[in-house]
>>> print(open('upload.cif').read())   # mmCIF, C-alpha atoms, pLDDT in the B column; chains and numbers go by the auth columns
data_data
loop_
_atom_site.group_PDB
_atom_site.id
_atom_site.type_symbol
_atom_site.label_atom_id
_atom_site.label_comp_id
_atom_site.label_asym_id
_atom_site.label_seq_id
_atom_site.Cartn_x
_atom_site.Cartn_y
_atom_site.Cartn_z
_atom_site.B_iso_or_equiv
_atom_site.auth_seq_id
_atom_site.auth_asym_id
ATOM 1 C CA MET A 1 82.124 106.604 90.003 98.00 90 A
ATOM 2 C CA ARG A 2 85.052 104.574 91.163 98.00 91 A
ATOM 3 C CA ALA A 3 88.761 105.065 90.665 98.00 92 A
ATOM 4 C CA LEU A 4 91.798 103.024 91.542 98.00 93 A
ATOM 5 C CA ILE A 5 94.706 105.455 91.700 98.00 94 A
ATOM 6 C CA GLN A 6 98.344 104.412 91.629 98.00 95 A
ATOM 7 C CA ARG A 7 101.249 106.774 92.144 98.00 96 A
ATOM 8 C CA VAL A 8 103.712 105.999 89.360 98.00 97 A
ATOM 9 C CA SER A 9 107.141 107.002 88.187 98.00 98 A
ATOM 10 C CA GLU A 10 105.945 106.118 84.663 98.00 99 A
ATOM 11 C CA ALA A 11 102.984 104.436 82.971 98.00 100 A
ATOM 12 C CA GLY A 12 101.703 103.707 79.500 98.00 101 A
ATOM 13 C CA VAL A 13 98.760 102.110 77.748 98.00 102 A
ATOM 14 C CA SER A 14 98.616 100.448 74.354 98.00 103 A
ATOM 15 C CA THR A 15 96.243 98.413 72.228 97.00 104 A
ATOM 16 C CA GLU A 16 97.163 96.002 69.453 95.00 105 A
ATOM 17 C CA GLY A 17 100.802 97.047 69.840 94.00 106 A
ATOM 18 C CA ARG A 18 99.980 100.749 69.309 97.00 107 A
ATOM 19 C CA LEU A 19 100.856 103.202 72.083 98.00 108 A
ATOM 20 C CA LEU A 20 97.820 105.256 73.100 98.00 109 A
ATOM 21 C CA GLY A 21 99.245 107.303 75.942 98.00 110 A
ATOM 22 C CA GLU A 22 102.099 107.469 78.394 98.00 111 A
ATOM 23 C CA ILE A 23 103.256 109.634 81.278 98.00 112 A
ATOM 24 C CA GLY A 24 106.267 110.117 83.492 98.00 113 A
ATOM 25 C CA PRO A 25 105.785 110.803 87.210 98.00 114 A
ATOM 26 C CA GLY A 26 102.160 111.149 88.237 98.00 115 A
ATOM 27 C CA LEU A 27 99.066 109.011 88.625 98.00 116 A
ATOM 28 C CA LEU A 28 97.640 106.053 86.761 98.00 117 A
ATOM 29 C CA VAL A 29 93.876 106.370 87.220 98.00 118 A
ATOM 30 C CA LEU A 30 91.708 103.357 86.433 98.00 119 A
ATOM 31 C CA VAL A 31 88.171 104.745 86.325 98.00 120 A
ATOM 32 C CA CYS A 32 84.673 103.229 86.164 98.00 121 A
ATOM 33 C CA ALA A 33 81.299 104.923 85.857 98.00 122 A
ATOM 34 C CA MET A 34 78.531 103.244 87.834 98.00 123 A
ATOM 35 C CA ARG A 35 74.858 103.012 86.898 98.00 124 A
ATOM 36 C CA GLY A 36 73.172 106.311 87.841 97.00 125 A
ATOM 37 C CA ASP A 37 76.374 108.378 87.900 98.00 126 A
ATOM 38 C CA THR A 38 76.292 111.863 86.398 98.00 127 A
ATOM 39 C CA GLU A 39 78.732 114.612 85.540 98.00 128 A
ATOM 40 C CA ALA A 40 78.510 115.721 89.190 98.00 129 A
ATOM 41 C CA GLU A 41 80.200 112.504 90.349 98.00 130 A
ATOM 42 C CA SER A 42 82.756 112.783 87.562 98.00 131 A
ATOM 43 C CA ALA A 43 83.608 116.375 88.502 98.00 132 A
ATOM 44 C CA TRP A 44 83.947 115.493 92.204 98.00 133 A
ATOM 45 C CA LEU A 45 86.194 112.527 91.403 98.00 134 A
ATOM 46 C CA ALA A 46 88.420 114.629 89.133 98.00 135 A
ATOM 47 C CA ARG A 47 88.717 117.377 91.750 98.00 136 A
ATOM 48 C CA LYS A 48 89.555 114.819 94.451 98.00 137 A
ATOM 49 C CA THR A 49 92.109 113.068 92.210 98.00 138 A
ATOM 50 C CA ALA A 50 93.876 116.327 91.313 98.00 139 A
ATOM 51 C CA ALA A 51 94.048 117.449 94.948 98.00 140 A
ATOM 52 C CA LEU A 52 94.864 114.090 96.583 98.00 141 A
ATOM 53 C CA ARG A 53 98.035 114.631 98.616 98.00 142 A
ATOM 54 C CA ILE A 54 99.951 111.391 98.008 98.00 143 A
ATOM 55 C CA PHE A 55 103.298 112.710 96.746 98.00 144 A
ATOM 56 C CA ARG A 56 106.291 113.202 99.038 97.00 145 A
ATOM 57 C CA ASP A 57 107.198 116.613 100.399 97.00 146 A
ATOM 58 C CA ALA A 58 110.713 117.721 101.402 97.00 147 A
ATOM 59 C CA GLU A 59 110.419 115.707 104.643 97.00 148 A
ATOM 60 C CA GLY A 60 109.349 112.557 102.794 95.00 149 A
ATOM 61 C CA ARG A 61 105.715 112.690 103.959 97.00 150 A
ATOM 62 C CA MET A 62 102.770 112.289 101.598 97.00 151 A
ATOM 63 C CA ASN A 63 101.737 115.925 101.561 98.00 152 A
ATOM 64 C CA ARG A 64 101.745 117.058 97.900 98.00 153 A
ATOM 65 C CA SER A 65 99.202 116.660 95.097 98.00 154 A
ATOM 66 C CA LEU A 66 99.428 116.426 91.320 97.00 155 A
ATOM 67 C CA LEU A 67 98.710 120.141 91.318 97.00 156 A
ATOM 68 C CA ASP A 68 101.720 120.749 93.583 97.00 157 A
ATOM 69 C CA THR A 69 104.132 118.494 91.704 97.00 158 A
ATOM 70 C CA GLY A 70 103.137 119.246 88.120 97.00 159 A
ATOM 71 C CA GLY A 71 102.706 115.512 87.520 98.00 160 A
ATOM 72 C CA ALA A 72 100.495 113.985 84.845 98.00 161 A
ATOM 73 C CA ALA A 73 97.617 111.504 84.866 98.00 162 A
ATOM 74 C CA LEU A 74 97.098 108.478 82.650 98.00 163 A
ATOM 75 C CA VAL A 75 93.343 107.801 82.660 98.00 164 A
ATOM 76 C CA VAL A 76 92.213 104.308 81.629 98.00 165 A
ATOM 77 C CA SER A 77 88.631 103.044 81.543 97.00 166 A
ATOM 78 C CA GLN A 78 88.163 99.968 83.738 96.00 167 A
ATOM 79 C CA PHE A 79 84.568 98.716 83.950 96.00 168 A
ATOM 80 C CA THR A 80 85.696 95.742 86.045 96.00 169 A
ATOM 81 C CA LEU A 81 85.967 98.087 89.050 97.00 170 A
ATOM 82 C CA ALA A 82 82.177 97.585 89.220 96.00 171 A
ATOM 83 C CA ALA A 83 82.631 93.857 89.870 96.00 172 A
ATOM 84 C CA GLU A 84 80.164 92.155 92.170 94.00 173 A
ATOM 85 C CA THR A 85 81.977 89.156 93.610 94.00 174 A
ATOM 86 C CA ARG A 86 79.452 87.269 95.740 92.00 175 A
ATOM 87 C CA GLY A 87 80.105 84.097 93.741 91.00 176 A
ATOM 88 C CA ASN A 88 83.167 82.994 91.852 95.00 177 A
ATOM 89 C CA ARG A 89 82.171 84.650 88.587 95.00 178 A
ATOM 90 C CA PRO A 90 82.080 88.455 88.834 96.00 179 A
ATOM 91 C CA GLY A 91 79.025 90.337 87.654 94.00 180 A
ATOM 92 C CA PHE A 92 79.082 93.873 86.280 96.00 181 A
ATOM 93 C CA SER A 93 75.414 94.906 86.328 95.00 182 A
ATOM 94 C CA THR A 94 76.182 97.955 88.489 96.00 183 A
ATOM 95 C CA ALA A 95 78.478 99.472 85.837 97.00 184 A
ATOM 96 C CA ALA A 96 77.071 102.264 83.696 98.00 185 A
ATOM 97 C CA ASP A 97 75.922 101.301 80.214 97.00 186 A
ATOM 98 C CA PRO A 98 78.624 101.797 77.548 97.00 187 A
ATOM 99 C CA GLU A 99 77.210 105.110 76.270 98.00 188 A
ATOM 100 C CA ALA A 100 77.063 106.689 79.728 98.00 189 A
ATOM 101 C CA GLY A 101 80.378 105.102 80.685 98.00 190 A
ATOM 102 C CA ALA A 102 82.160 106.590 77.679 98.00 191 A
ATOM 103 C CA ARG A 103 80.599 110.022 78.249 98.00 192 A
ATOM 104 C CA LEU A 104 81.606 110.092 81.926 98.00 193 A
ATOM 105 C CA TYR A 105 85.083 108.729 81.207 98.00 194 A
ATOM 106 C CA GLU A 106 85.693 111.564 78.727 98.00 195 A
ATOM 107 C CA HIS A 107 84.155 114.068 81.148 98.00 196 A
ATOM 108 C CA PHE A 108 86.464 112.894 83.945 98.00 197 A
ATOM 109 C CA ALA A 109 89.547 113.325 81.740 98.00 198 A
ATOM 110 C CA ALA A 110 88.364 116.771 80.625 98.00 199 A
ATOM 111 C CA GLN A 111 87.726 117.818 84.229 98.00 200 A
ATOM 112 C CA LEU A 112 91.258 116.764 85.232 98.00 201 A
ATOM 113 C CA ARG A 113 92.632 118.814 82.324 98.00 202 A
ATOM 114 C CA GLY A 114 90.509 121.720 83.523 98.00 203 A
ATOM 115 C CA HIS A 115 92.367 121.591 86.846 98.00 204 A
ATOM 116 C CA GLY A 116 95.637 122.010 84.945 97.00 205 A
ATOM 117 C CA VAL A 117 96.698 118.360 85.005 98.00 206 A
ATOM 118 C CA PRO A 118 98.329 116.998 81.824 98.00 207 A
ATOM 119 C CA VAL A 119 96.229 113.956 80.869 98.00 208 A
ATOM 120 C CA ALA A 120 96.908 110.985 78.590 98.00 209 A
ATOM 121 C CA THR A 121 94.170 108.416 78.004 98.00 210 A
ATOM 122 C CA GLY A 122 93.509 104.915 76.814 97.00 211 A
ATOM 123 C CA ALA A 123 90.658 103.980 74.461 97.00 212 A
ATOM 124 C CA PHE A 124 87.265 103.454 76.087 97.00 213 A
ATOM 125 C CA GLY A 125 86.079 99.863 75.737 93.00 214 A
ATOM 126 C CA ALA A 126 89.269 98.619 74.065 96.00 215 A
ATOM 127 C CA ASP A 127 91.311 95.615 75.104 96.00 216 A
ATOM 128 C CA MET A 128 94.387 97.422 76.425 98.00 217 A
ATOM 129 C CA ALA A 129 97.772 96.583 77.889 98.00 218 A
ATOM 130 C CA VAL A 130 98.746 98.855 80.773 98.00 219 A
ATOM 131 C CA ARG A 131 102.300 99.055 82.043 98.00 220 A
ATOM 132 C CA LEU A 132 103.366 100.972 85.118 98.00 221 A
ATOM 133 C CA VAL A 133 106.081 101.419 87.660 98.00 222 A
ATOM 134 C CA ASN A 134 104.226 101.898 90.931 97.00 223 A
ATOM 135 C CA ASP A 135 106.034 104.431 93.116 97.00 224 A
ATOM 136 C CA GLY A 136 105.929 103.481 96.775 95.00 225 A
ATOM 137 C CA PRO A 137 103.871 101.440 96.122 96.00 226 A
ATOM 138 C CA VAL A 138 100.958 103.789 96.681 98.00 227 A
ATOM 139 C CA THR A 139 97.487 102.660 95.625 98.00 228 A
ATOM 140 C CA ILE A 140 94.297 104.508 96.642 98.00 229 A
ATOM 141 C CA TRP A 141 90.636 103.550 96.119 98.00 230 A
ATOM 142 C CA LEU A 142 88.080 106.339 95.606 98.00 231 A
ATOM 143 C CA ASP A 143 84.321 105.815 95.329 97.00 232 A
ATOM 144 C CA THR A 144 81.918 108.723 94.969 97.00 233 A
ATOM 145 C CA ALA A 145 79.252 106.680 96.771 95.00 234 A
ATOM 146 C CA ALA A 146 81.402 106.844 99.926 94.00 235 A
ATOM 147 C CA ARG A 147 81.883 110.623 99.972 88.00 236 A
#
>>> encode(input="upload.cif", output="structure tokens")
Amino acid sequence: MRALIQRVSEAGVSTEGRLLGEIGPGLLVLVCAMRGDTEAESAWLARKTAALRIFRDAEGRMNRSLLDTGGAALVVSQFTLAAETRGNRPGFSTAADPEAGARLYEHFAAQLRGHGVPVATGAFGADMAVRLVNDGPVTIWLDTAAR
């Protein structure tokens, strides 16, 4: 699985003008299941996301996690993180099929909740508008294939 994580002061996601989820300080997590991924990758990615120390401590260093700060996560499905860009038109054949992608997306969100993180979500497969205020900016790429 892949995730693009952005530290935010606030974020929200909507579709067709209807708000689906929003958070204050925390993480916007764009997540993509890859072909062959299982719940094991989802669980690892959720654990890593919850424990990632990218929030400032009292000295201003990135040394605190969502678990330390009590921040929330906005989890949004983003199959385009699987893009293959050899040519000018991206291909997405390495992304999980929609059924597996939806299952692993929901599993990831549930695993984050299981770590005590408040989680808001988008709608899997929907055309969504995501707004955010990136704090830092801090943007981190995680890929379970690289662990």
>>> resolve_selection(input="upload.cif", expression="the PyMOL selection byres ((chain A and resi 195) around 12)", output="PyMOL selection string")
chain A and resi 120-122+128+131-132+135+164-166+188-194+196-202+208-213
>>> resolve_selection(input="upload.cif", expression="the PyMOL selection byres ((chain A and resi 170) around 10)", output="JSON, numbers by chain")
{"A": [90, 91, 92, 93, 119, 120, 121, 122, 123, 166, 167, 168, 169, 171, 172, 173, 181, 183, 184]}
>>> resolve_selection(input="upload.cif", expression="the PyMOL selection byres ((chain A and resi 222) around 8)", output="CSV table (one decimal) with C-alpha atoms, in the frame of the given file")
chain,number,residue,atom,x,y,z
A,97,VAL,CA,103.7,106.0,89.4
A,98,SER,CA,107.1,107.0,88.2
A,99,GLU,CA,105.9,106.1,84.7
A,100,ALA,CA,103.0,104.4,83.0
A,220,ARG,CA,102.3,99.1,82.0
A,221,LEU,CA,103.4,101.0,85.1
A,223,ASN,CA,104.2,101.9,90.9
A,224,ASP,CA,106.0,104.4,93.1
>>> atom_distance(input="upload.cif", atom1="CA of Gly115 (chain A)", atom2="CA of Ala139 (chain A)")
10.2 Å
>>> residues_around(input="upload.cif", residues="Gly160 (chain A)", least_positions_apart="4", cutoff="8 Å", atoms="all atoms listed in the file", output="ChimeraX atom specification")
/A:113-116,155-156,206-207
>>> axis_aligned_box(input="upload.cif", around="region 147-159 of chain A", padding_each_side="8 Å", output="AutoDock Vina command-line options")
--center_x 104.7 --center_y 116.5 --center_z 96.4 --size_x 28.0 --size_y 24.5 --size_z 32.5
>>> atom_distance(input="upload.cif", atom1="CA of Ala185 (chain A)", atom2="CA of Gly214 (chain A)")
12.3 Å
>>> closest_residue(input="upload.cif", among="A:Thr228, A:Thr233, A:Thr174, A:Ser154", to="Val118 (chain A)", atoms="only C-alpha atoms")
A:Thr228
>>> residues_around(input="upload.cif", residues="Asn152 (chain A)", least_positions_apart="5", cutoff="7 Å", atoms="all atoms listed in the file", output="PyMOL selection string")
chain A and resi 142-146
>>> closest_residue(input="upload.cif", among="A:Asp216, A:Ala234, A:Ser182, A:Ile229", to="Arg124 (chain A)", atoms="only C-alpha atoms")
A:Ser182
>>> atom_distance(input="upload.cif", atom1="CA of Trp133 (chain A)", atom2="CA of Arg236 (chain A)")
9.4 Å
>>> closest_residue(input="upload.cif", among="A:Thr138, A:Ile112, A:Leu117, A:Glu105", to="Leu231 (chain A)", atoms="all atoms listed in the file")
A:Thr138
>>> closest_residue(input="upload.cif", among="A:Ala162, A:Ala147, A:Ala235, A:Ala218", to="Arg107 (chain A)", atoms="only C-alpha atoms")
A:Ala218
>>> decode(input="upload.cif", residues="region 159-207 of chain A", atoms="N, CA and C atoms", output="PDB file, in the first residue's frame")
ATOM      1  N   GLY A 159      -2.814  13.840  19.951  1.00  0.00           N
ATOM      2  CA  GLY A 159      -4.264  13.714  19.966  1.00  0.00           C
ATOM      3  C   GLY A 159      -4.909  14.219  18.684  1.00  0.00           C
ATOM      4  N   GLY A 160      -4.106  14.375  17.630  1.00  0.00           N
ATOM      5  CA  GLY A 160      -4.620  14.848  16.350  1.00  0.00           C
ATOM      6  C   GLY A 160      -5.477  13.800  15.662  1.00  0.00           C
ATOM      7  N   ALA A 161      -6.126  14.214  14.590  1.00  0.00           N
ATOM      8  CA  ALA A 161      -7.019  13.343  13.829  1.00  0.00           C
ATOM      9  C   ALA A 161      -6.422  13.044  12.460  1.00  0.00           C
ATOM     10  N   ALA A 162      -7.042  12.107  11.761  1.00  0.00           N
ATOM     11  CA  ALA A 162      -6.630  11.766  10.395  1.00  0.00           C
ATOM     12  C   ALA A 162      -7.837  11.850   9.473  1.00  0.00           C
ATOM     13  N   LEU A 163      -7.635  12.463   8.330  1.00  0.00           N
ATOM     14  CA  LEU A 163      -8.625  12.444   7.249  1.00  0.00           C
ATOM     15  C   LEU A 163      -8.070  11.493   6.207  1.00  0.00           C
ATOM     16  N   VAL A 164      -8.745  10.364   5.991  1.00  0.00           N
ATOM     17  CA  VAL A 164      -8.276   9.317   5.090  1.00  0.00           C
ATOM     18  C   VAL A 164      -9.085   9.382   3.796  1.00  0.00           C
ATOM     19  N   VAL A 165      -8.382   9.538   2.675  1.00  0.00           N
ATOM     20  CA  VAL A 165      -9.017   9.695   1.368  1.00  0.00           C
ATOM     21  C   VAL A 165      -8.410   8.682   0.406  1.00  0.00           C
ATOM     22  N   SER A 166      -9.250   7.921  -0.274  1.00  0.00           N
ATOM     23  CA  SER A 166      -8.745   6.966  -1.261  1.00  0.00           C
ATOM     24  C   SER A 166      -8.181   7.719  -2.457  1.00  0.00           C
ATOM     25  N   GLN A 167      -7.050   7.227  -2.981  1.00  0.00           N
ATOM     26  CA  GLN A 167      -6.351   7.932  -4.061  1.00  0.00           C
ATOM     27  C   GLN A 167      -5.631   6.918  -4.945  1.00  0.00           C
ATOM     28  N   PHE A 168      -6.378   6.253  -5.839  1.00  0.00           N
ATOM     29  CA  PHE A 168      -5.783   5.201  -6.659  1.00  0.00           C
ATOM     30  C   PHE A 168      -4.675   5.727  -7.568  1.00  0.00           C
ATOM     31  N   THR A 169      -4.646   7.039  -7.830  1.00  0.00           N
ATOM     32  CA  THR A 169      -3.622   7.569  -8.718  1.00  0.00           C
ATOM     33  C   THR A 169      -2.220   7.531  -8.099  1.00  0.00           C
ATOM     34  N   LEU A 170      -2.107   7.190  -6.817  1.00  0.00           N
ATOM     35  CA  LEU A 170      -0.784   6.988  -6.227  1.00  0.00           C
ATOM     36  C   LEU A 170      -0.099   5.765  -6.837  1.00  0.00           C
ATOM     37  N   ALA A 171      -0.843   4.937  -7.551  1.00  0.00           N
ATOM     38  CA  ALA A 171      -0.283   3.765  -8.228  1.00  0.00           C
ATOM     39  C   ALA A 171       0.207   4.098  -9.636  1.00  0.00           C
ATOM     40  N   ALA A 172       0.209   5.358  -9.999  1.00  0.00           N
ATOM     41  CA  ALA A 172       0.535   5.762 -11.369  1.00  0.00           C
ATOM     42  C   ALA A 172       1.891   5.248 -11.825  1.00  0.00           C
ATOM     43  N   GLU A 173       1.882   4.708 -13.031  1.00  0.00           N
ATOM     44  CA  GLU A 173       3.116   4.348 -13.737  1.00  0.00           C
ATOM     45  C   GLU A 173       3.300   5.422 -14.796  1.00  0.00           C
ATOM     46  N   THR A 174       4.429   6.122 -14.761  1.00  0.00           N
ATOM     47  CA  THR A 174       4.571   7.314 -15.591  1.00  0.00           C
ATOM     48  C   THR A 174       5.721   7.217 -16.584  1.00  0.00           C
ATOM     49  N   ARG A 175       5.921   6.050 -17.165  1.00  0.00           N
ATOM     50  CA  ARG A 175       6.998   5.915 -18.164  1.00  0.00           C
ATOM     51  C   ARG A 175       6.741   6.818 -19.366  1.00  0.00           C
ATOM     52  N   GLY A 176       5.510   6.848 -19.835  1.00  0.00           N
ATOM     53  CA  GLY A 176       5.133   7.728 -20.941  1.00  0.00           C
ATOM     54  C   GLY A 176       4.481   8.981 -20.408  1.00  0.00           C
ATOM     55  N   ASN A 177       3.745   9.648 -21.254  1.00  0.00           N
ATOM     56  CA  ASN A 177       3.067  10.874 -20.840  1.00  0.00           C
ATOM     57  C   ASN A 177       1.676  10.635 -20.299  1.00  0.00           C
ATOM     58  N   ARG A 178       1.131   9.448 -20.540  1.00  0.00           N
ATOM     59  CA  ARG A 178      -0.194   9.116 -20.021  1.00  0.00           C
ATOM     60  C   ARG A 178      -0.024   8.073 -18.927  1.00  0.00           C
ATOM     61  N   PRO A 179      -0.361   8.407 -17.680  1.00  0.00           N
ATOM     62  CA  PRO A 179      -0.152   7.461 -16.585  1.00  0.00           C
ATOM     63  C   PRO A 179      -1.008   6.206 -16.746  1.00  0.00           C
ATOM     64  N   GLY A 180      -0.446   5.096 -16.295  1.00  0.00           N
ATOM     65  CA  GLY A 180      -1.185   3.845 -16.235  1.00  0.00           C
ATOM     66  C   GLY A 180      -1.379   3.459 -14.774  1.00  0.00           C
ATOM     67  N   PHE A 181      -2.426   2.690 -14.506  1.00  0.00           N
ATOM     68  CA  PHE A 181      -2.753   2.355 -13.117  1.00  0.00           C
ATOM     69  C   PHE A 181      -2.937   0.849 -12.918  1.00  0.00           C
ATOM     70  N   SER A 182      -2.277   0.056 -13.738  1.00  0.00           N
ATOM     71  CA  SER A 182      -2.468  -1.403 -13.686  1.00  0.00           C
ATOM     72  C   SER A 182      -1.922  -2.026 -12.408  1.00  0.00           C
ATOM     73  N   THR A 183      -1.084  -1.312 -11.662  1.00  0.00           N
ATOM     74  CA  THR A 183      -0.549  -1.867 -10.422  1.00  0.00           C
ATOM     75  C   THR A 183      -1.451  -1.597  -9.215  1.00  0.00           C
ATOM     76  N   ALA A 184      -2.500  -0.798  -9.411  1.00  0.00           N
ATOM     77  CA  ALA A 184      -3.457  -0.548  -8.323  1.00  0.00           C
ATOM     78  C   ALA A 184      -4.298  -1.798  -8.088  1.00  0.00           C
ATOM     79  N   ALA A 185      -4.732  -1.976  -6.869  1.00  0.00           N
ATOM     80  CA  ALA A 185      -5.630  -3.095  -6.548  1.00  0.00           C
ATOM     81  C   ALA A 185      -6.940  -2.913  -7.297  1.00  0.00           C
ATOM     82  N   ASP A 186      -7.634  -4.025  -7.565  1.00  0.00           N
ATOM     83  CA  ASP A 186      -8.949  -3.912  -8.187  1.00  0.00           C
ATOM     84  C   ASP A 186      -9.884  -3.195  -7.209  1.00  0.00           C
ATOM     85  N   PRO A 187     -10.979  -2.612  -7.712  1.00  0.00           N
ATOM     86  CA  PRO A 187     -11.847  -1.799  -6.848  1.00  0.00           C
ATOM     87  C   PRO A 187     -12.358  -2.528  -5.600  1.00  0.00           C
ATOM     88  N   GLU A 188     -12.692  -3.799  -5.710  1.00  0.00           N
ATOM     89  CA  GLU A 188     -13.189  -4.527  -4.531  1.00  0.00           C
ATOM     90  C   GLU A 188     -12.117  -4.631  -3.452  1.00  0.00           C
ATOM     91  N   ALA A 189     -10.924  -5.042  -3.835  1.00  0.00           N
ATOM     92  CA  ALA A 189      -9.824  -5.144  -2.869  1.00  0.00           C
ATOM     93  C   ALA A 189      -9.430  -3.759  -2.367  1.00  0.00           C
ATOM     94  N   GLY A 190      -9.410  -2.777  -3.262  1.00  0.00           N
ATOM     95  CA  GLY A 190      -9.049  -1.426  -2.864  1.00  0.00           C
ATOM     96  C   GLY A 190      -9.980  -0.870  -1.802  1.00  0.00           C
ATOM     97  N   ALA A 191     -11.285  -1.066  -2.006  1.00  0.00           N
ATOM     98  CA  ALA A 191     -12.267  -0.579  -1.031  1.00  0.00           C
ATOM     99  C   ALA A 191     -12.103  -1.302   0.305  1.00  0.00           C
ATOM    100  N   ARG A 192     -11.922  -2.613   0.255  1.00  0.00           N
ATOM    101  CA  ARG A 192     -11.765  -3.397   1.487  1.00  0.00           C
ATOM    102  C   ARG A 192     -10.540  -2.926   2.278  1.00  0.00           C
ATOM    103  N   LEU A 193      -9.421  -2.724   1.592  1.00  0.00           N
ATOM    104  CA  LEU A 193      -8.190  -2.328   2.274  1.00  0.00           C
ATOM    105  C   LEU A 193      -8.228  -0.873   2.735  1.00  0.00           C
ATOM    106  N   TYR A 194      -8.905  -0.031   1.992  1.00  0.00           N
ATOM    107  CA  TYR A 194      -9.109   1.360   2.409  1.00  0.00           C
ATOM    108  C   TYR A 194      -9.882   1.400   3.724  1.00  0.00           C
ATOM    109  N   GLU A 195     -10.985   0.666   3.795  1.00  0.00           N
ATOM    110  CA  GLU A 195     -11.784   0.609   5.024  1.00  0.00           C
ATOM    111  C   GLU A 195     -10.996  -0.019   6.168  1.00  0.00           C
ATOM    112  N   HIS A 196     -10.215  -1.054   5.849  1.00  0.00           N
ATOM    113  CA  HIS A 196      -9.389  -1.709   6.867  1.00  0.00           C
ATOM    114  C   HIS A 196      -8.354  -0.740   7.432  1.00  0.00           C
ATOM    115  N   PHE A 197      -7.717   0.033   6.551  1.00  0.00           N
ATOM    116  CA  PHE A 197      -6.726   1.016   6.986  1.00  0.00           C
ATOM    117  C   PHE A 197      -7.351   2.020   7.953  1.00  0.00           C
ATOM    118  N   ALA A 198      -8.510   2.560   7.590  1.00  0.00           N
ATOM    119  CA  ALA A 198      -9.193   3.524   8.462  1.00  0.00           C
ATOM    120  C   ALA A 198      -9.556   2.887   9.798  1.00  0.00           C
ATOM    121  N   ALA A 199     -10.039   1.662   9.771  1.00  0.00           N
ATOM    122  CA  ALA A 199     -10.398   0.960  11.008  1.00  0.00           C
ATOM    123  C   ALA A 199      -9.164   0.698  11.871  1.00  0.00           C
ATOM    124  N   GLN A 200      -8.051   0.357  11.248  1.00  0.00           N
ATOM    125  CA  GLN A 200      -6.818   0.125  11.998  1.00  0.00           C
ATOM    126  C   GLN A 200      -6.340   1.410  12.669  1.00  0.00           C
ATOM    127  N   LEU A 201      -6.418   2.541  11.964  1.00  0.00           N
ATOM    128  CA  LEU A 201      -6.045   3.821  12.580  1.00  0.00           C
ATOM    129  C   LEU A 201      -6.923   4.103  13.792  1.00  0.00           C
ATOM    130  N   ARG A 202      -8.239   3.877  13.631  1.00  0.00           N
ATOM    131  CA  ARG A 202      -9.164   4.068  14.762  1.00  0.00           C
ATOM    132  C   ARG A 202      -8.776   3.156  15.925  1.00  0.00           C
ATOM    133  N   GLY A 203      -8.374   1.946  15.601  1.00  0.00           N
ATOM    134  CA  GLY A 203      -7.962   0.991  16.626  1.00  0.00           C
ATOM    135  C   GLY A 203      -6.749   1.446  17.417  1.00  0.00           C
ATOM    136  N   HIS A 204      -5.949   2.328  16.842  1.00  0.00           N
ATOM    137  CA  HIS A 204      -4.797   2.897  17.553  1.00  0.00           C
ATOM    138  C   HIS A 204      -5.197   4.121  18.369  1.00  0.00           C
ATOM    139  N   GLY A 205      -6.489   4.458  18.340  1.00  0.00           N
ATOM    140  CA  GLY A 205      -6.975   5.596  19.120  1.00  0.00           C
ATOM    141  C   GLY A 205      -6.987   6.909  18.372  1.00  0.00           C
ATOM    142  N   VAL A 206      -6.810   6.869  17.056  1.00  0.00           N
ATOM    143  CA  VAL A 206      -6.797   8.083  16.249  1.00  0.00           C
ATOM    144  C   VAL A 206      -8.221   8.386  15.774  1.00  0.00           C
ATOM    145  N   PRO A 207      -8.737   9.593  16.016  1.00  0.00           N
ATOM    146  CA  PRO A 207     -10.018   9.971  15.418  1.00  0.00           C
ATOM    147  C   PRO A 207      -9.858  10.042  13.895  1.00  0.00           C
TER     148      PRO A 207
END
